[in-house]
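Peer 1: Mind having a look at this structure? Questions to follow.
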Amino acid sequence: MRWIAGLLVAFGTLLSAFWILVANSFMQTPAGYTCSPDPACGPTTTKLVLTNFWAAVFNPSTLPRFFHTVAACYVAGAFFLVGVAAWYLLRGHHLDIARLSLRLGIVVAFLGSGLMFVSGDIQTREVAAYQPLKFAAMEGVCHTGTNVGLALFGLAPSQDCSTLAQTIEIPDGLSLMMNLDPNSQIKGLDQQSDPSLLPPVAAPFYGFHTMVGIGALMLLLMALGALFLLRRSIETHRWWLKAAVLAVPLPLLAIEIGWMVAEVGRQPWIVYGLLRTSEGYSEAVPAAQILASIILFTVVYSLLFALWIFLLRRTIGEGPEPLGEAQDAGVTS
């Protein structure tokens, strides 16, 4: 029953993730709609009317976003499993289940990290095609041109591009990666002449490169873990086990930063190209009520987080029930 319940929870979570990402993806790359006058709202007001349900659901960014997000979440779960198993091995506790969990976790984390990069590359290309200003901010490209280098790390350009990005880069790398041609053109922030329609530059630039850097570190760590598994020597590399414990928060951090890049890079739009953030506020809800709601949510979720940490620490400290006791309990019942 627990196994079936676990499968149902996993399946329900995937369905929930899909429809949440459909809604968010429509805000990023709207499709399957038309605009029409809305007499009830006034002569100058338009509204979106759904004309193709499936086009709206499977808009250009839905599937790339879904696969990338789900892969990242599975990697986060696998890193957690690996971290707990590594902690048990370091302390010499629950060795049988720790070894089994470590093998399973490393395989999922390694394969998932690779899939995360593949799906992330597909999503980045989708962003370049449908949200070129966000892409230009992520890569720190101010001026449209050819032979654009791939920035590895460095300083973001200023918001008005009066100061260009100061980075260490691979020459022609971005043009080559995006179009398989080092001489191809990459659109910059100068494609938009209205400064009010430019997204923030610094946050997407630093966030994107930090996310990619964390992902590369995760992939490297799990590649070493997979190598040590094949050599049957992973328990002798205590430095790797300690690193696996410390690496538990990395995928969660990368996920949060990735969402920041997606949402900050969408600005100044609520629905990209159609509804600006400045036009989307409610005149019926006072700012004080919104502030009170934010404070209340922050307090409640902080308490829940503290409770989760307490229960998680206690559960990990107690460890799994010994197999013999579990079998005896099953026979007795």
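Scheme for the structure tokens: letters A, B, ... for chains in order shown; per-chain residue numbers from 1; ligand numbers from 1 in order shown.
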What lies within 12 Å of segment 148-151 of chain A using only C-alpha atoms, ignoring chain neighbours under 6 positions off, as an NGL selection string?
Peer 2: :A and (136-142 or 157 or 165-179 or 181-188 or 205-206 or 208-210 or 212-213)
Peer 1: Now that the selection is made, can you save its residues with N, CA and C atoms as a compact mmCIF listing (two decimals), in the first residue's frame?
Peer 2:
```txt
# COMPACT_ATOMS: atom_id res chain seq x y z
N ALA A 136 19.31 37.83 -24.40
CA ALA A 136 20.42 38.78 -24.46
C ALA A 136 20.85 39.20 -23.06
N ALA A 137 19.88 39.38 -22.15
CA ALA A 137 20.23 39.73 -20.77
C ALA A 137 20.95 38.58 -20.09
N MET A 138 20.49 37.35 -20.29
CA MET A 138 21.12 36.19 -19.69
C MET A 138 22.57 36.05 -20.12
N GLU A 139 22.84 36.33 -21.38
CA GLU A 139 24.19 36.17 -21.91
C GLU A 139 24.99 37.47 -21.85
N GLY A 140 24.37 38.57 -21.46
CA GLY A 140 25.09 39.84 -21.37
C GLY A 140 25.48 40.42 -22.71
N VAL A 141 24.65 40.18 -23.74
CA VAL A 141 24.94 40.67 -25.09
C VAL A 141 24.25 42.01 -25.29
N CYS A 142 25.02 43.06 -25.40
CA CYS A 142 24.43 44.40 -25.58
C CYS A 142 24.15 44.72 -27.04
N PRO A 157 26.87 43.58 -17.96
CA PRO A 157 26.84 44.95 -18.49
C PRO A 157 25.91 45.81 -17.66
N ALA A 165 29.73 44.06 -20.78
CA ALA A 165 30.10 42.96 -19.90
C ALA A 165 31.62 42.76 -19.90
N GLN A 166 32.16 42.51 -18.72
CA GLN A 166 33.58 42.20 -18.57
C GLN A 166 33.67 40.73 -18.17
N THR A 167 33.96 39.87 -19.14
CA THR A 167 33.88 38.44 -18.89
C THR A 167 35.09 37.70 -19.45
N ILE A 168 35.28 36.50 -18.93
CA ILE A 168 36.18 35.53 -19.55
C ILE A 168 35.30 34.64 -20.43
N GLU A 169 35.62 34.57 -21.72
CA GLU A 169 34.71 33.92 -22.65
C GLU A 169 35.44 33.04 -23.64
N ILE A 170 34.65 32.18 -24.28
CA ILE A 170 35.16 31.36 -25.39
C ILE A 170 34.90 32.13 -26.67
N PRO A 171 35.93 32.49 -27.42
CA PRO A 171 35.72 33.28 -28.65
C PRO A 171 34.76 32.58 -29.60
N ASP A 172 33.82 33.34 -30.12
CA ASP A 172 32.82 32.85 -31.09
C ASP A 172 31.92 31.76 -30.51
N GLY A 173 32.03 31.50 -29.20
CA GLY A 173 31.37 30.34 -28.61
C GLY A 173 29.86 30.42 -28.64
N LEU A 174 29.28 31.59 -28.38
CA LEU A 174 27.83 31.70 -28.34
C LEU A 174 27.24 31.56 -29.74
N SER A 175 27.85 32.19 -30.72
CA SER A 175 27.38 32.05 -32.11
C SER A 175 27.47 30.60 -32.55
N LEU A 176 28.55 29.92 -32.18
CA LEU A 176 28.74 28.53 -32.58
C LEU A 176 27.73 27.63 -31.88
N MET A 177 27.53 27.85 -30.59
CA MET A 177 26.64 26.98 -29.83
C MET A 177 25.19 27.13 -30.28
N MET A 178 24.75 28.36 -30.55
CA MET A 178 23.35 28.59 -30.87
C MET A 178 23.01 28.23 -32.31
N ASN A 179 23.94 28.41 -33.22
CA ASN A 179 23.63 28.24 -34.65
C ASN A 179 24.59 27.32 -35.40
N ASP A 181 27.46 27.85 -36.16
CA ASP A 181 28.21 28.67 -37.10
C ASP A 181 28.86 29.81 -36.32
N PRO A 182 30.19 29.83 -36.22
CA PRO A 182 30.86 30.89 -35.44
C PRO A 182 30.63 32.28 -36.02
N ASN A 183 30.22 32.37 -37.27
CA ASN A 183 29.99 33.67 -37.90
C ASN A 183 28.53 34.11 -37.85
N SER A 184 27.69 33.34 -37.17
CA SER A 184 26.25 33.66 -37.14
C SER A 184 25.97 34.85 -36.23
N GLN A 185 24.80 35.42 -36.44
CA GLN A 185 24.41 36.62 -35.71
C GLN A 185 23.67 36.27 -34.42
N ILE A 186 23.96 37.01 -33.37
CA ILE A 186 23.25 36.93 -32.10
C ILE A 186 22.64 38.29 -31.82
N LYS A 187 21.35 38.32 -31.53
CA LYS A 187 20.67 39.58 -31.25
C LYS A 187 21.00 40.06 -29.84
N GLY A 188 21.27 41.36 -29.71
CA GLY A 188 21.59 41.94 -28.42
C GLY A 188 20.46 42.76 -27.85
N PHE A 205 21.66 37.78 -15.84
CA PHE A 205 23.04 37.44 -16.21
C PHE A 205 23.72 36.65 -15.10
N TYR A 206 23.72 37.19 -13.90
CA TYR A 206 24.40 36.50 -12.79
C TYR A 206 23.66 35.22 -12.42
N PHE A 208 21.76 33.25 -14.35
CA PHE A 208 21.94 32.20 -15.37
C PHE A 208 23.31 31.55 -15.25
N HIS A 209 24.35 32.36 -15.13
CA HIS A 209 25.70 31.80 -15.08
C HIS A 209 25.95 31.07 -13.76
N THR A 210 25.34 31.54 -12.67
CA THR A 210 25.46 30.82 -11.41
C THR A 210 24.76 29.47 -11.49
N VAL A 212 24.17 27.63 -14.19
CA VAL A 212 24.94 26.73 -15.05
C VAL A 212 26.18 26.24 -14.32
N GLY A 213 26.83 27.13 -13.56
CA GLY A 213 28.02 26.73 -12.81
C GLY A 213 27.70 25.68 -11.76
```
Peer 1: Which residues of segment 224-326 of chain A have any atom within 12 Å of an atom in segment 43-63 of chain A when counting only C-alpha atoms, and what is the closest pair of atoms for each, with the distance in Å to one decimal? Order the rows by chain and rising number and write it as a Markdown table.
Peer 2:
```
| residue | atom | partner | partner_atom | distance |
| --- | --- | --- | --- | --- |
| A:Ala262 | CA | A:Ser61 | CA | 11.4 |
| A:Val271 | CA | A:Leu48 | CA | 10.8 |
| A:Leu274 | CA | A:Leu48 | CA | 9.4 |
| A:Leu275 | CA | A:Lys47 | CA | 10.2 |
| A:Glu279 | CA | A:Thr45 | CA | 11.8 |
```
Peer 1: Just to be explicit: take each residue in the selection above, keep C-alpha atoms, and write the result as a compact mmCIF listing (two decimals), in the first residue's frame.
Peer 2:
```txt
# COMPACT_ATOMS: atom_id res chain seq x y z
CA ALA A 262 12.82 32.95 -15.80
CA VAL A 271 2.11 37.99 -20.23
CA LEU A 274 0.77 41.48 -24.20
CA LEU A 275 0.26 42.65 -20.62
CA GLU A 279 -0.94 47.30 -16.00
```
Peer 1: Could you give me, as a ChimeraX atom specification, the residues within 9 Å of Gln123 of chain A, counting only C-alpha atoms and dropping anything in the same chain fewer than 5 positions from it?
Peer 2: /A:61,63-65,68,118,128
Peer 1: Could you go through segment 68-241 of chain A and tell me which residues DSSP, when run on the backbone, assigns to strand (DSSP E), listing them as a list in words?
Peer 2: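 The residues of segment 68-241 of chain A classed as strand (DSSP E) are Gly145, Thr146, Leu150, Ala151, Leu152, Phe153, Gly154, Leu155, Gln166, Thr167, Ile168, Glu169, Ile170, Gln185 and Ile186 of chain A.
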Peer 1: Deliver the residues from the most recent selection as a file, using N, CA and C atoms, as an mmCIF file, in the first residue's frame.
Peer 2:
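Writing done, so here's part.cif:
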```
data_model
loop_
_atom_site.group_PDB
_atom_site.id
_atom_site.type_symbol
_atom_site.label_atom_id
_atom_site.label_comp_id
_atom_site.auth_asym_id
_atom_site.auth_seq_id
_atom_site.Cartn_x
_atom_site.Cartn_y
_atom_site.Cartn_z
ATOM 1 N N GLY A 145 25.352 41.292 -33.223
ATOM 2 C CA GLY A 145 26.539 41.124 -34.044
ATOM 3 C C GLY A 145 26.856 39.667 -34.294
ATOM 4 N N THR A 146 27.912 39.440 -35.025
ATOM 5 C CA THR A 146 28.372 38.084 -35.354
ATOM 6 C C THR A 146 29.603 37.752 -34.509
ATOM 7 N N LEU A 150 31.142 33.223 -25.935
ATOM 8 C CA LEU A 150 30.347 32.599 -24.882
ATOM 9 C C LEU A 150 30.957 32.958 -23.536
ATOM 10 N N ALA A 151 30.258 33.786 -22.761
ATOM 11 C CA ALA A 151 30.758 34.227 -21.465
ATOM 12 C C ALA A 151 30.701 33.087 -20.458
ATOM 13 N N LEU A 152 31.839 32.790 -19.823
ATOM 14 C CA LEU A 152 31.886 31.770 -18.789
ATOM 15 C C LEU A 152 31.574 32.364 -17.423
ATOM 16 N N PHE A 153 32.196 33.459 -17.085
ATOM 17 C CA PHE A 153 31.879 34.197 -15.869
ATOM 18 C C PHE A 153 32.477 35.587 -15.984
ATOM 19 N N GLY A 154 32.015 36.485 -15.130
ATOM 20 C CA GLY A 154 32.504 37.853 -15.176
ATOM 21 C C GLY A 154 31.457 38.824 -14.681
ATOM 22 N N LEU A 155 31.580 40.080 -15.108
ATOM 23 C CA LEU A 155 30.689 41.146 -14.672
ATOM 24 C C LEU A 155 29.648 41.435 -15.738
ATOM 25 N N GLN A 166 32.157 42.505 -18.724
ATOM 26 C CA GLN A 166 33.576 42.198 -18.573
ATOM 27 C C GLN A 166 33.675 40.727 -18.174
ATOM 28 N N THR A 167 33.955 39.872 -19.143
ATOM 29 C CA THR A 167 33.879 38.437 -18.890
ATOM 30 C C THR A 167 35.089 37.704 -19.453
ATOM 31 N N ILE A 168 35.279 36.500 -18.931
ATOM 32 C CA ILE A 168 36.178 35.528 -19.554
ATOM 33 C C ILE A 168 35.302 34.644 -20.435
ATOM 34 N N GLU A 169 35.616 34.568 -21.720
ATOM 35 C CA GLU A 169 34.705 33.919 -22.651
ATOM 36 C C GLU A 169 35.443 33.040 -23.643
ATOM 37 N N ILE A 170 34.655 32.179 -24.279
ATOM 38 C CA ILE A 170 35.157 31.356 -25.386
ATOM 39 C C ILE A 170 34.900 32.131 -26.673
ATOM 40 N N GLN A 185 24.798 35.419 -36.442
ATOM 41 C CA GLN A 185 24.409 36.622 -35.710
ATOM 42 C C GLN A 185 23.670 36.273 -34.418
ATOM 43 N N ILE A 186 23.964 37.012 -33.368
ATOM 44 C CA ILE A 186 23.249 36.925 -32.097
ATOM 45 C C ILE A 186 22.641 38.293 -31.817
#
```
Peer 1: If we count only C-alpha atoms, what is near segment 217-222 of chain A at a cut-off of 7 Å, once residues fewer than 3 positions away on the same chain are taken out, given as a ChimeraX atom specification?
Peer 2: /A:106,109-110,113-114,213-214,225-226
Peer 1: Could you pull the residues within 10 Å of Tyr74 of chain A, counting only C-alpha atoms, minus those fewer than 3 positions along the same chain, as a PyMOL selection string?
Peer 2: chain A and resi 69-71+77-80+105+108-109+112-113+116+251
Peer 1: What does the distance between atom CA of Met27 of chain A and atom CA of Leu8 of chain A come to in Å, to one decimal place?
Peer 2: 29.0 Å
Peer 1: Using only C-alpha atoms, tabulate the residues of segment 79-113 of chain A lying at most 12 Å from any atom of segment 299-320 of chain A, each with its closest atom pair and that distance in Å to one decimal, by chain and increasing residue number, as JSON lines.
Peer 2:
```
{"residue": "A:Phe80", "atom": "CA", "partner": "A:Ile316", "partner_atom": "CA", "distance": 11.3}
{"residue": "A:Leu81", "atom": "CA", "partner": "A:Ile316", "partner_atom": "CA", "distance": 10.9}
{"residue": "A:Gly83", "atom": "CA", "partner": "A:Ile316", "partner_atom": "CA", "distance": 10.9}
{"residue": "A:Val84", "atom": "CA", "partner": "A:Ile316", "partner_atom": "CA", "distance": 7.4}
{"residue": "A:Ala85", "atom": "CA", "partner": "A:Ile316", "partner_atom": "CA", "distance": 9.8}
{"residue": "A:Ala86", "atom": "CA", "partner": "A:Ile316", "partner_atom": "CA", "distance": 11.9}
{"residue": "A:Trp87", "atom": "CA", "partner": "A:Ile316", "partner_atom": "CA", "distance": 9.5}
{"residue": "A:Tyr88", "atom": "CA", "partner": "A:Gly319", "partner_atom": "CA", "distance": 8.6}
{"residue": "A:Arg91", "atom": "CA", "partner": "A:Gly317", "partner_atom": "CA", "distance": 10.9}
{"residue": "A:Gly92", "atom": "CA", "partner": "A:Gly319", "partner_atom": "CA", "distance": 11.9}
{"residue": "A:His93", "atom": "CA", "partner": "A:Gly319", "partner_atom": "CA", "distance": 8.3}
{"residue": "A:His94", "atom": "CA", "partner": "A:Gly319", "partner_atom": "CA", "distance": 7.2}
{"residue": "A:Leu95", "atom": "CA", "partner": "A:Pro320", "partner_atom": "CA", "distance": 10.6}
{"residue": "A:Asp96", "atom": "CA", "partner": "A:Pro320", "partner_atom": "CA", "distance": 10.5}
{"residue": "A:Ile97", "atom": "CA", "partner": "A:Pro320", "partner_atom": "CA", "distance": 8.1}
{"residue": "A:Ala98", "atom": "CA", "partner": "A:Pro320", "partner_atom": "CA", "distance": 9.7}
{"residue": "A:Ser101", "atom": "CA", "partner": "A:Pro320", "partner_atom": "CA", "distance": 11.6}
```
Peer 1: Go through segment 58-182 of chain A and collect every residue that DSSP, computed from the backbone, puts in alpha helix (DSSP H); the answer should be as a ChimeraX atom specification.
Peer 2: /A:62-91,95-130,132-139,173-179
Peer 1: Rank A:Ser233, A:Ser119, A:Thr144, A:Thr298 by their smallest atom-to-atom distance to Asp190 of chain A, using only C-alpha atoms, and report the top residue only.
Peer 2: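 Distance minimum relative to Asp190 of chain A lands on A:Thr144.
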Peer 1: So that I can check the surroundings of Met211 of chain A, please list as a list of chain:residue names every protein, DNA and RNA residue that reaches within 7 Å of it, counting only C-alpha atoms and ignoring chain neighbours fewer than 5 positions away.
Peer 2: A:Ala254, A:Ile257, A:Gly258
